[in-house]
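Working notes for the structure below.
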Amino acid sequence: MTNGYCDLADGRLYFEDTSAEDGRETLVLNHAAFLDSRMWDAQWDAFAERYRVIRYDMRGYGKSDPVIGPRTRRDDVYRLLAHLGVERAHVLGCSMGGEIGLDIVLERPELVASLIVVNSTPSGFEMQGVPPRYVLEMVEAMQRGDVERASELQMRIWVDGPRREPTQVNAAVRARATEMNRIFVKNNTWMIADVQPGNPLNPPAATRLVQQKHNF
């Protein structure tokens, strides 16, 4: 395995690559919006048995540089694939990672051999009704820079879920997720980069998927 950094115009993107040289197809892993690429630790070896596997930390997460403004996340993936000489790959994305993958399929379909989306919404999706428990309190904690409270509330939203309490969740899983999440919260990544992302897909995936459905 190799690891290193891909230089972007305004910072560096950390990646890991099994660098298979036997003609294997490539699998790119996009992590969820509150974790980093370590979320794939348990699957890494199994995936590497069949694929050249690439995972990376989005800007503002893990070992990548902090963000300094709105980001176009799919452009970061394009730069990483070009840096590693990848012309086509299978893409697996969780949460925001899946949203990014879907945008890439719609914008650059020639790059994607297949797409697996886990617990994601398409870009352009607008939430309806009452926000999930803790969401508004979590946003307030992030706005006032309360890292510990914001991180704990994100654990309750995304790890515990709406029907469980913290004591009902594996303590080691929760601790590992918190370790990853605190970097993202401390960097204020979501507020700086993703509340108003740069160059969003236009029209967004939600609109395009509806249009394509009506064309069948």
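Just so we're on the same page: first chain in the structure tokens is A, next is B, and so on; residues restart at 1 for each chain, and ligands are numbered from 1 in the order they show up.
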Which of range 50-214 of chain A DSSP labels strand (DSSP E), written as a ChimeraX atom specification: /A:52-56,89-94,112-118
Those same residues, written as a PDB file, in the first residue's frame with C-alpha atoms?
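Written output follows (result_22.pdb):
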```
ATOM      1  CA  ARG A  52      -7.075  -1.787  -6.342  1.00  0.00           C
ATOM      2  CA  VAL A  53      -8.606   0.209  -3.484  1.00  0.00           C
ATOM      3  CA  ILE A  54      -8.281   3.956  -2.999  1.00  0.00           C
ATOM      4  CA  ARG A  55      -9.598   5.891  -0.046  1.00  0.00           C
ATOM      5  CA  TYR A  56      -9.039   9.503   0.891  1.00  0.00           C
ATOM      6  CA  ALA A  89     -13.370   3.098 -11.202  1.00  0.00           C
ATOM      7  CA  HIS A  90     -16.112   1.569  -9.150  1.00  0.00           C
ATOM      8  CA  VAL A  91     -17.297   4.133  -6.586  1.00  0.00           C
ATOM      9  CA  LEU A  92     -18.670   3.346  -3.125  1.00  0.00           C
ATOM     10  CA  GLY A  93     -19.937   6.276  -1.064  1.00  0.00           C
ATOM     11  CA  CYS A  94     -21.649   6.635   2.285  1.00  0.00           C
ATOM     12  CA  VAL A 112     -17.588   5.383 -13.203  1.00  0.00           C
ATOM     13  CA  ALA A 113     -17.798   1.626 -13.795  1.00  0.00           C
ATOM     14  CA  SER A 114     -20.453   1.225 -11.100  1.00  0.00           C
ATOM     15  CA  LEU A 115     -21.847   3.171  -8.163  1.00  0.00           C
ATOM     16  CA  ILE A 116     -22.871   1.948  -4.710  1.00  0.00           C
ATOM     17  CA  VAL A 117     -24.660   4.530  -2.565  1.00  0.00           C
ATOM     18  CA  VAL A 118     -25.148   3.929   1.168  1.00  0.00           C
TER      19      VAL A 118
END
```
Sel. of alpha helix (DSSP H) residues, range 15-197 of chain A, as JSON, numbers by chain: {"A": [41, 42, 43, 44, 45, 46, 47, 48, 73, 74, 75, 76, 77, 78, 79, 80, 81, 82, 83, 96, 97, 98, 99, 100, 101, 102, 103, 104, 105, 106, 107, 135, 136, 137, 138, 139, 140, 141, 142, 143, 147, 148, 149, 150, 151, 152, 153, 154, 171, 172, 173, 174, 175, 176, 177, 178, 179, 180, 181, 182, 183, 184, 185, 186, 189]}
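The list of residues with at least one atom within 12 Å of range 204-211 of chain A, based on only C-alpha atoms and without residues fewer than 4 positions apart in the same chain, reads Gly98, Glu99, Ile100, Gly101, Leu102, Asp103, Ile104, Val105, Leu106, Glu107, Ser120, Thr121, Pro122, Ser123, Gly124, Phe125, Glu126, Asn199, Pro200, Asn215 and Phe216 of chain A.
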Any chance you can output those residues with C-alpha atoms as a CSV table (one decimal), in the first residue's frame?
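Listed below is the output, out-v8.csv:
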```csv
chain,number,residue,atom,x,y,z
A,98,GLY,CA,-22.6,8.8,-1.9
A,99,GLU,CA,-24.0,12.2,-2.9
A,100,ILE,CA,-20.6,13.0,-4.4
A,101,GLY,CA,-20.5,9.7,-6.2
A,102,LEU,CA,-23.9,10.3,-7.7
A,103,ASP,CA,-22.9,13.8,-8.9
A,104,ILE,CA,-19.8,12.3,-10.6
A,105,VAL,CA,-21.9,9.7,-12.4
A,106,LEU,CA,-24.2,12.4,-13.7
A,107,GLU,CA,-21.4,14.8,-14.7
A,120,SER,CA,-27.3,9.1,0.9
A,121,THR,CA,-29.5,11.8,-0.5
A,122,PRO,CA,-29.1,13.3,-3.9
A,123,SER,CA,-27.7,16.8,-4.3
A,124,GLY,CA,-30.6,19.2,-4.4
A,125,PHE,CA,-32.7,17.2,-2.0
A,126,GLU,CA,-34.7,19.4,0.4
A,199,ASN,CA,-20.2,25.1,-8.1
A,200,PRO,CA,-23.0,22.7,-7.2
A,215,ASN,CA,-37.9,9.7,-20.0
A,216,PHE,CA,-38.2,6.0,-19.5
```
Applying 10 Å and only C-alpha atoms, which residues near range 59-69 of chain A remain after dropping the ones on its own chain fewer than 5 positions away? List them as a short mmCIF file (atom, residue, chain, number, x, y, z; two decimals) with N, CA and C atoms, in the first residue's frame.
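Output contents, as saved in part-v6.cif:
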```cif
data_model
loop_
_atom_site.label_atom_id
_atom_site.label_comp_id
_atom_site.auth_asym_id
_atom_site.auth_seq_id
_atom_site.Cartn_x
_atom_site.Cartn_y
_atom_site.Cartn_z
N GLY A 4 -0.11 9.10 0.59
CA GLY A 4 0.52 10.38 0.30
C GLY A 4 -0.50 11.47 0.15
N TYR A 5 -0.10 12.53 -0.51
CA TYR A 5 -0.97 13.70 -0.66
C TYR A 5 -1.08 14.08 -2.13
N CYS A 6 -2.29 14.45 -2.50
CA CYS A 6 -2.55 15.01 -3.82
C CYS A 6 -2.65 16.52 -3.66
N LEU A 8 -3.83 20.05 -4.37
CA LEU A 8 -4.91 20.77 -5.00
C LEU A 8 -4.49 22.23 -5.15
N ASP A 10 -5.41 24.75 -3.53
CA ASP A 10 -5.36 25.50 -2.27
C ASP A 10 -5.06 24.63 -1.06
N GLY A 11 -4.46 23.47 -1.28
CA GLY A 11 -4.15 22.60 -0.16
C GLY A 11 -3.93 21.17 -0.63
N ARG A 12 -3.83 20.25 0.35
CA ARG A 12 -3.51 18.87 0.04
C ARG A 12 -4.62 17.93 0.46
N LEU A 13 -4.77 16.86 -0.31
CA LEU A 13 -5.76 15.82 -0.06
C LEU A 13 -5.00 14.54 0.27
N TYR A 14 -5.24 13.98 1.45
CA TYR A 14 -4.56 12.74 1.86
C TYR A 14 -5.26 11.54 1.25
N PHE A 15 -4.46 10.55 0.79
CA PHE A 15 -5.04 9.34 0.22
C PHE A 15 -4.22 8.11 0.59
N HIS A 31 -15.94 8.59 2.06
CA HIS A 31 -16.42 8.45 3.44
C HIS A 31 -17.63 9.35 3.72
N ALA A 33 -19.94 12.18 5.83
CA ALA A 33 -19.64 13.59 6.07
C ALA A 33 -19.22 13.90 7.51
N PHE A 34 -19.35 12.97 8.43
CA PHE A 34 -18.96 13.28 9.81
C PHE A 34 -17.79 12.40 10.28
N LEU A 35 -17.24 11.58 9.37
CA LEU A 35 -16.13 10.70 9.72
C LEU A 35 -14.94 11.04 8.83
N ASP A 36 -14.06 10.07 8.58
CA ASP A 36 -13.01 10.23 7.57
C ASP A 36 -12.73 8.86 6.97
N SER A 37 -11.67 8.73 6.20
CA SER A 37 -11.45 7.49 5.46
C SER A 37 -11.23 6.27 6.34
N ARG A 38 -10.96 6.48 7.61
CA ARG A 38 -10.78 5.35 8.53
C ARG A 38 -12.08 4.58 8.76
N ASP A 76 -12.47 17.63 -6.38
CA ASP A 76 -11.35 17.05 -5.64
C ASP A 76 -11.13 15.60 -6.04
N GLU A 179 -13.55 10.07 17.60
CA GLU A 179 -12.17 10.46 17.28
C GLU A 179 -12.10 11.08 15.89
N MET A 180 -12.77 10.46 14.92
CA MET A 180 -12.78 11.01 13.56
C MET A 180 -13.59 12.29 13.49
N ASN A 181 -14.72 12.31 14.16
CA ASN A 181 -15.65 13.43 14.05
C ASN A 181 -15.08 14.72 14.62
N ARG A 182 -14.31 14.63 15.70
CA ARG A 182 -13.81 15.84 16.35
C ARG A 182 -12.90 16.66 15.42
N ILE A 183 -12.20 15.98 14.52
CA ILE A 183 -11.35 16.71 13.57
C ILE A 183 -12.21 17.58 12.67
N PHE A 184 -13.24 16.99 12.11
CA PHE A 184 -14.16 17.69 11.23
C PHE A 184 -14.86 18.85 11.94
N VAL A 185 -15.30 18.61 13.18
CA VAL A 185 -15.98 19.67 13.94
C VAL A 185 -15.00 20.78 14.31
N LYS A 186 -13.81 20.41 14.78
CA LYS A 186 -12.82 21.41 15.17
C LYS A 186 -12.42 22.28 13.98
N ASN A 187 -12.34 21.69 12.79
CA ASN A 187 -11.99 22.45 11.59
C ASN A 187 -13.15 23.29 11.07
N ASN A 188 -14.33 23.11 11.66
CA ASN A 188 -15.53 23.84 11.23
C ASN A 188 -15.80 23.60 9.74
N THR A 189 -15.53 22.38 9.32
CA THR A 189 -15.56 22.04 7.90
C THR A 189 -16.91 22.28 7.26
N TRP A 190 -17.95 21.78 7.88
CA TRP A 190 -19.28 21.87 7.26
C TRP A 190 -19.71 23.31 7.08
N MET A 191 -19.50 24.14 8.12
CA MET A 191 -19.93 25.53 8.04
C MET A 191 -19.15 26.30 6.98
N ILE A 192 -17.86 26.01 6.84
CA ILE A 192 -17.03 26.74 5.89
C ILE A 192 -17.21 26.24 4.46
N ALA A 193 -17.27 24.92 4.30
CA ALA A 193 -17.17 24.34 2.96
C ALA A 193 -18.47 23.85 2.36
N ASP A 194 -19.41 23.40 3.19
CA ASP A 194 -20.51 22.62 2.65
C ASP A 194 -21.91 23.19 2.87
N GLN A 196 -22.81 26.10 1.88
CA GLN A 196 -22.99 26.64 0.54
C GLN A 196 -21.84 26.13 -0.32
N PRO A 197 -21.95 24.90 -0.86
CA PRO A 197 -20.83 24.33 -1.61
C PRO A 197 -20.52 25.11 -2.87
N GLY A 198 -19.28 25.03 -3.30
CA GLY A 198 -18.89 25.70 -4.53
C GLY A 198 -19.36 24.95 -5.77
#
```
Give me, as a compact mmCIF listing (two decimals) with N, CA and C atoms, in the first residue's frame, all polymer residues having an atom no more than 12 Å from range 158-169 of chain A, counting only C-alpha atoms and skipping those fewer than 3 positions away in the same chain.
```
# COMPACT_ATOMS: atom_id res chain seq x y z
N ALA A 32 -18.26 9.11 4.86
CA ALA A 32 -19.41 9.89 5.29
C ALA A 32 -18.98 11.28 5.75
N ALA A 33 -19.94 12.18 5.83
CA ALA A 33 -19.64 13.59 6.07
C ALA A 33 -19.22 13.90 7.51
N PHE A 34 -19.35 12.97 8.43
CA PHE A 34 -18.96 13.28 9.81
C PHE A 34 -17.79 12.40 10.28
N LEU A 35 -17.24 11.58 9.37
CA LEU A 35 -16.13 10.70 9.72
C LEU A 35 -14.94 11.04 8.83
N CYS A 94 -20.70 6.63 1.18
CA CYS A 94 -21.65 6.64 2.28
C CYS A 94 -22.03 8.07 2.63
N SER A 95 -23.30 8.32 2.85
CA SER A 95 -23.79 9.63 3.23
C SER A 95 -23.36 10.67 2.18
N ASN A 119 -26.97 5.06 2.30
CA ASN A 119 -27.57 6.03 3.22
C ASN A 119 -27.31 7.47 2.77
N PRO A 131 -37.14 18.77 11.64
CA PRO A 131 -35.78 18.22 11.60
C PRO A 131 -35.61 17.09 12.62
N PRO A 132 -34.72 16.14 12.35
CA PRO A 132 -34.46 15.07 13.31
C PRO A 132 -34.02 15.62 14.66
N ARG A 133 -34.23 14.82 15.68
CA ARG A 133 -33.85 15.20 17.04
C ARG A 133 -32.37 15.60 17.09
N TYR A 134 -32.07 16.66 17.79
CA TYR A 134 -30.73 17.18 18.06
C TYR A 134 -30.12 18.00 16.91
N VAL A 135 -30.72 18.02 15.73
CA VAL A 135 -30.08 18.69 14.60
C VAL A 135 -29.93 20.19 14.85
N MET A 138 -27.40 20.86 17.47
CA MET A 138 -26.06 20.59 16.95
C MET A 138 -25.54 21.76 16.12
N SER A 151 -19.82 17.66 18.66
CA SER A 151 -19.41 16.31 18.31
C SER A 151 -20.32 15.27 18.97
N GLU A 152 -20.63 15.49 20.25
CA GLU A 152 -21.50 14.54 20.95
C GLU A 152 -22.88 14.48 20.31
N LEU A 153 -23.41 15.62 19.92
CA LEU A 153 -24.72 15.63 19.28
C LEU A 153 -24.68 14.96 17.91
N GLN A 154 -23.57 15.10 17.20
CA GLN A 154 -23.46 14.39 15.93
C GLN A 154 -23.41 12.89 16.15
N MET A 155 -22.76 12.46 17.21
CA MET A 155 -22.78 11.03 17.54
C MET A 155 -24.20 10.55 17.80
N ALA A 172 -16.87 1.00 21.78
CA ALA A 172 -15.66 1.13 20.97
C ALA A 172 -15.99 1.78 19.62
N VAL A 173 -17.11 1.42 19.03
CA VAL A 173 -17.54 2.03 17.77
C VAL A 173 -17.79 3.51 17.97
N ARG A 174 -18.45 3.83 19.06
CA ARG A 174 -18.77 5.24 19.33
C ARG A 174 -17.50 6.05 19.56
N ALA A 175 -16.54 5.48 20.29
CA ALA A 175 -15.29 6.19 20.57
C ALA A 175 -14.50 6.41 19.29
N ARG A 176 -14.48 5.41 18.41
CA ARG A 176 -13.75 5.54 17.14
C ARG A 176 -14.38 6.61 16.26
N ALA A 177 -15.71 6.61 16.19
CA ALA A 177 -16.40 7.62 15.40
C ALA A 177 -16.17 9.02 15.96
N THR A 178 -16.17 9.15 17.27
CA THR A 178 -15.94 10.44 17.90
C THR A 178 -14.54 10.96 17.60
N ASN A 181 -14.72 12.31 14.16
CA ASN A 181 -15.65 13.43 14.05
C ASN A 181 -15.08 14.72 14.62
```
